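Colleague: Before anything else, here's the structure in question.
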Amino acid sequence: MTGRCAHCGSGEHVRVVAVREGQDVWACRAHARQLAAPADDMLAALAYYQSRRRTR
C-alpha cells in the first residue's frame, strides 16, 4: 500500500512523514521536510518504518 504526497499529490517516492488525526501523512522527497512530524514523535516514526516495510 502506498499513498500520495499530501502537498502535491505525487505518488513517486513517497513515505509516511507524520500521523495527524489518526491518518498517515505521506510526502514525496521534495515536500517531506515541510510535512514531517517533530523528530521525537514516536507514532510518526513507527508509521514511517511500517511504510518502508510495505515497499520491500
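Ligands are numbered from 1 in the order shown, residues from 1 within each chain, and chains are lettered A, B, ... in the order they appear in the C-alpha cells.
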Can you list, as a ChimeraX atom specification, every protein, DNA or RNA residue that comes within 10 Å of Arg15 in chain A when you count only C-alpha atoms, leaving out same-chain residues fewer than 3 positions away?
Modeller: /A:2-5,11-12,18,24-29,32,47-52,55
Colleague: Output as a PyMOL selection string all residues of chain A that backbone DSSP marks as strand (DSSP E or B).
Modeller: chain A and resi 15-20+23-27
Colleague: Ranking A:Val14, A:Val19, A:His7, A:Gln34 by minimum distance to Leu46 in chain A and counting only C-alpha atoms, which one comes first?
Modeller: A:Val19
Colleague: As number ranges by chain, which residues of chain A does DSSP assign to helix (DSSP H, G or I)?
Modeller: A: 32-35, 42-54
Colleague: Output the selection as a compact mmCIF listing (two decimals), in the first residue's frame - all heavy atoms for each residue.
Modeller:
# COMPACT_ATOMS: atom_id res chain seq x y z
N ALA A 32 8.85 16.31 1.95
CA ALA A 32 8.96 15.54 3.20
C ALA A 32 9.34 16.42 4.38
O ALA A 32 8.76 16.29 5.46
CB ALA A 32 9.97 14.41 3.04
N ARG A 33 10.27 17.31 4.19
CA ARG A 33 10.75 18.13 5.31
C ARG A 33 9.65 19.06 5.83
O ARG A 33 9.46 19.21 7.02
CB ARG A 33 11.96 18.93 4.89
CG ARG A 33 12.59 19.67 6.04
CD ARG A 33 13.89 20.27 5.66
NE ARG A 33 14.82 19.18 5.42
CZ ARG A 33 16.12 19.26 5.58
NH1 ARG A 33 16.66 20.38 5.93
NH2 ARG A 33 16.89 18.22 5.37
N GLN A 34 8.90 19.68 4.93
CA GLN A 34 7.89 20.64 5.39
C GLN A 34 6.65 19.95 6.00
O GLN A 34 5.95 20.56 6.80
CB GLN A 34 7.51 21.61 4.28
CG GLN A 34 6.49 21.10 3.30
CD GLN A 34 6.25 22.08 2.18
OE1 GLN A 34 7.06 22.20 1.29
NE2 GLN A 34 5.16 22.78 2.22
N LEU A 35 6.39 18.70 5.64
CA LEU A 35 5.24 17.99 6.18
C LEU A 35 5.58 17.09 7.37
O LEU A 35 4.69 16.54 8.00
CB LEU A 35 4.59 17.13 5.08
CG LEU A 35 3.97 17.89 3.91
CD1 LEU A 35 3.56 16.92 2.81
CD2 LEU A 35 2.78 18.72 4.37
N MET A 42 7.01 9.59 18.34
CA MET A 42 7.17 8.14 18.24
C MET A 42 6.16 7.49 17.29
O MET A 42 6.48 6.55 16.59
CB MET A 42 7.05 7.50 19.63
CG MET A 42 8.14 7.92 20.58
SD MET A 42 9.78 7.46 19.99
CE MET A 42 9.75 5.73 20.35
N LEU A 43 4.93 8.00 17.25
CA LEU A 43 3.91 7.44 16.38
C LEU A 43 4.29 7.64 14.91
O LEU A 43 4.14 6.73 14.10
CB LEU A 43 2.55 8.06 16.68
CG LEU A 43 1.35 7.43 16.00
CD1 LEU A 43 1.26 5.95 16.32
CD2 LEU A 43 0.08 8.14 16.44
N ALA A 44 4.81 8.80 14.57
CA ALA A 44 5.25 9.05 13.20
C ALA A 44 6.41 8.15 12.82
O ALA A 44 6.48 7.64 11.70
CB ALA A 44 5.61 10.52 13.01
N ALA A 45 7.33 7.94 13.75
CA ALA A 45 8.47 7.07 13.49
C ALA A 45 8.01 5.64 13.22
O ALA A 45 8.47 4.99 12.28
CB ALA A 45 9.44 7.10 14.66
N LEU A 46 7.08 5.15 14.01
CA LEU A 46 6.55 3.81 13.80
C LEU A 46 5.84 3.71 12.45
O LEU A 46 6.05 2.75 11.71
CB LEU A 46 5.58 3.44 14.93
CG LEU A 46 4.87 2.10 14.80
CD1 LEU A 46 5.88 0.96 14.78
CD2 LEU A 46 3.88 1.92 15.94
N ALA A 47 5.04 4.69 12.10
CA ALA A 47 4.34 4.68 10.82
C ALA A 47 5.32 4.70 9.65
O ALA A 47 5.13 4.02 8.65
CB ALA A 47 3.39 5.88 10.73
N TYR A 48 6.40 5.48 9.79
CA TYR A 48 7.42 5.52 8.75
C TYR A 48 8.04 4.13 8.54
O TYR A 48 8.14 3.65 7.42
CB TYR A 48 8.51 6.53 9.10
CG TYR A 48 9.73 6.41 8.22
CD1 TYR A 48 9.70 6.89 6.91
CD2 TYR A 48 10.88 5.79 8.67
CE1 TYR A 48 10.80 6.76 6.09
CE2 TYR A 48 11.98 5.67 7.85
CZ TYR A 48 11.94 6.15 6.56
OH TYR A 48 13.03 6.01 5.75
N TYR A 49 8.46 3.49 9.62
CA TYR A 49 9.08 2.17 9.49
C TYR A 49 8.11 1.14 8.92
O TYR A 49 8.50 0.29 8.12
CB TYR A 49 9.66 1.70 10.82
CG TYR A 49 10.91 2.45 11.17
CD1 TYR A 49 10.96 3.28 12.28
CD2 TYR A 49 12.04 2.37 10.37
CE1 TYR A 49 12.10 4.00 12.58
CE2 TYR A 49 13.19 3.08 10.67
CZ TYR A 49 13.22 3.89 11.77
OH TYR A 49 14.34 4.60 12.06
N GLN A 50 6.85 1.23 9.30
CA GLN A 50 5.86 0.31 8.73
C GLN A 50 5.67 0.56 7.25
O GLN A 50 5.52 -0.37 6.46
CB GLN A 50 4.54 0.43 9.48
CG GLN A 50 4.59 -0.17 10.85
CD GLN A 50 3.30 0.02 11.62
OE1 GLN A 50 2.52 0.94 11.35
NE2 GLN A 50 3.08 -0.83 12.60
N SER A 51 5.67 1.83 6.83
CA SER A 51 5.51 2.14 5.41
C SER A 51 6.71 1.65 4.60
O SER A 51 6.57 1.19 3.48
CB SER A 51 5.29 3.63 5.19
OG SER A 51 6.48 4.38 5.36
N ARG A 52 7.91 1.73 5.15
CA ARG A 52 9.11 1.25 4.47
C ARG A 52 9.05 -0.27 4.32
O ARG A 52 9.46 -0.82 3.31
CB ARG A 52 10.37 1.65 5.23
CG ARG A 52 10.59 3.11 5.37
CD ARG A 52 10.60 3.87 4.06
NE ARG A 52 11.62 3.34 3.18
CZ ARG A 52 11.60 3.43 1.86
NH1 ARG A 52 10.61 4.03 1.26
NH2 ARG A 52 12.54 2.92 1.13
N ARG A 53 8.55 -0.95 5.33
CA ARG A 53 8.45 -2.41 5.28
C ARG A 53 7.49 -2.84 4.16
O ARG A 53 7.71 -3.84 3.49
CB ARG A 53 7.99 -2.93 6.62
CG ARG A 53 8.02 -4.42 6.73
CD ARG A 53 7.78 -4.83 8.18
NE ARG A 53 7.71 -6.25 8.30
CZ ARG A 53 8.75 -7.04 8.55
NH1 ARG A 53 9.93 -6.51 8.70
NH2 ARG A 53 8.60 -8.35 8.64
N ARG A 54 6.41 -2.10 3.96
CA ARG A 54 5.43 -2.44 2.93
C ARG A 54 5.99 -2.32 1.52
O ARG A 54 5.50 -2.94 0.61
CB ARG A 54 4.21 -1.52 3.03
CG ARG A 54 3.30 -1.88 4.16
CD ARG A 54 2.07 -0.99 4.14
NE ARG A 54 1.92 -0.44 5.47
CZ ARG A 54 1.65 0.81 5.74
NH1 ARG A 54 1.47 1.68 4.80
NH2 ARG A 54 1.54 1.21 6.99
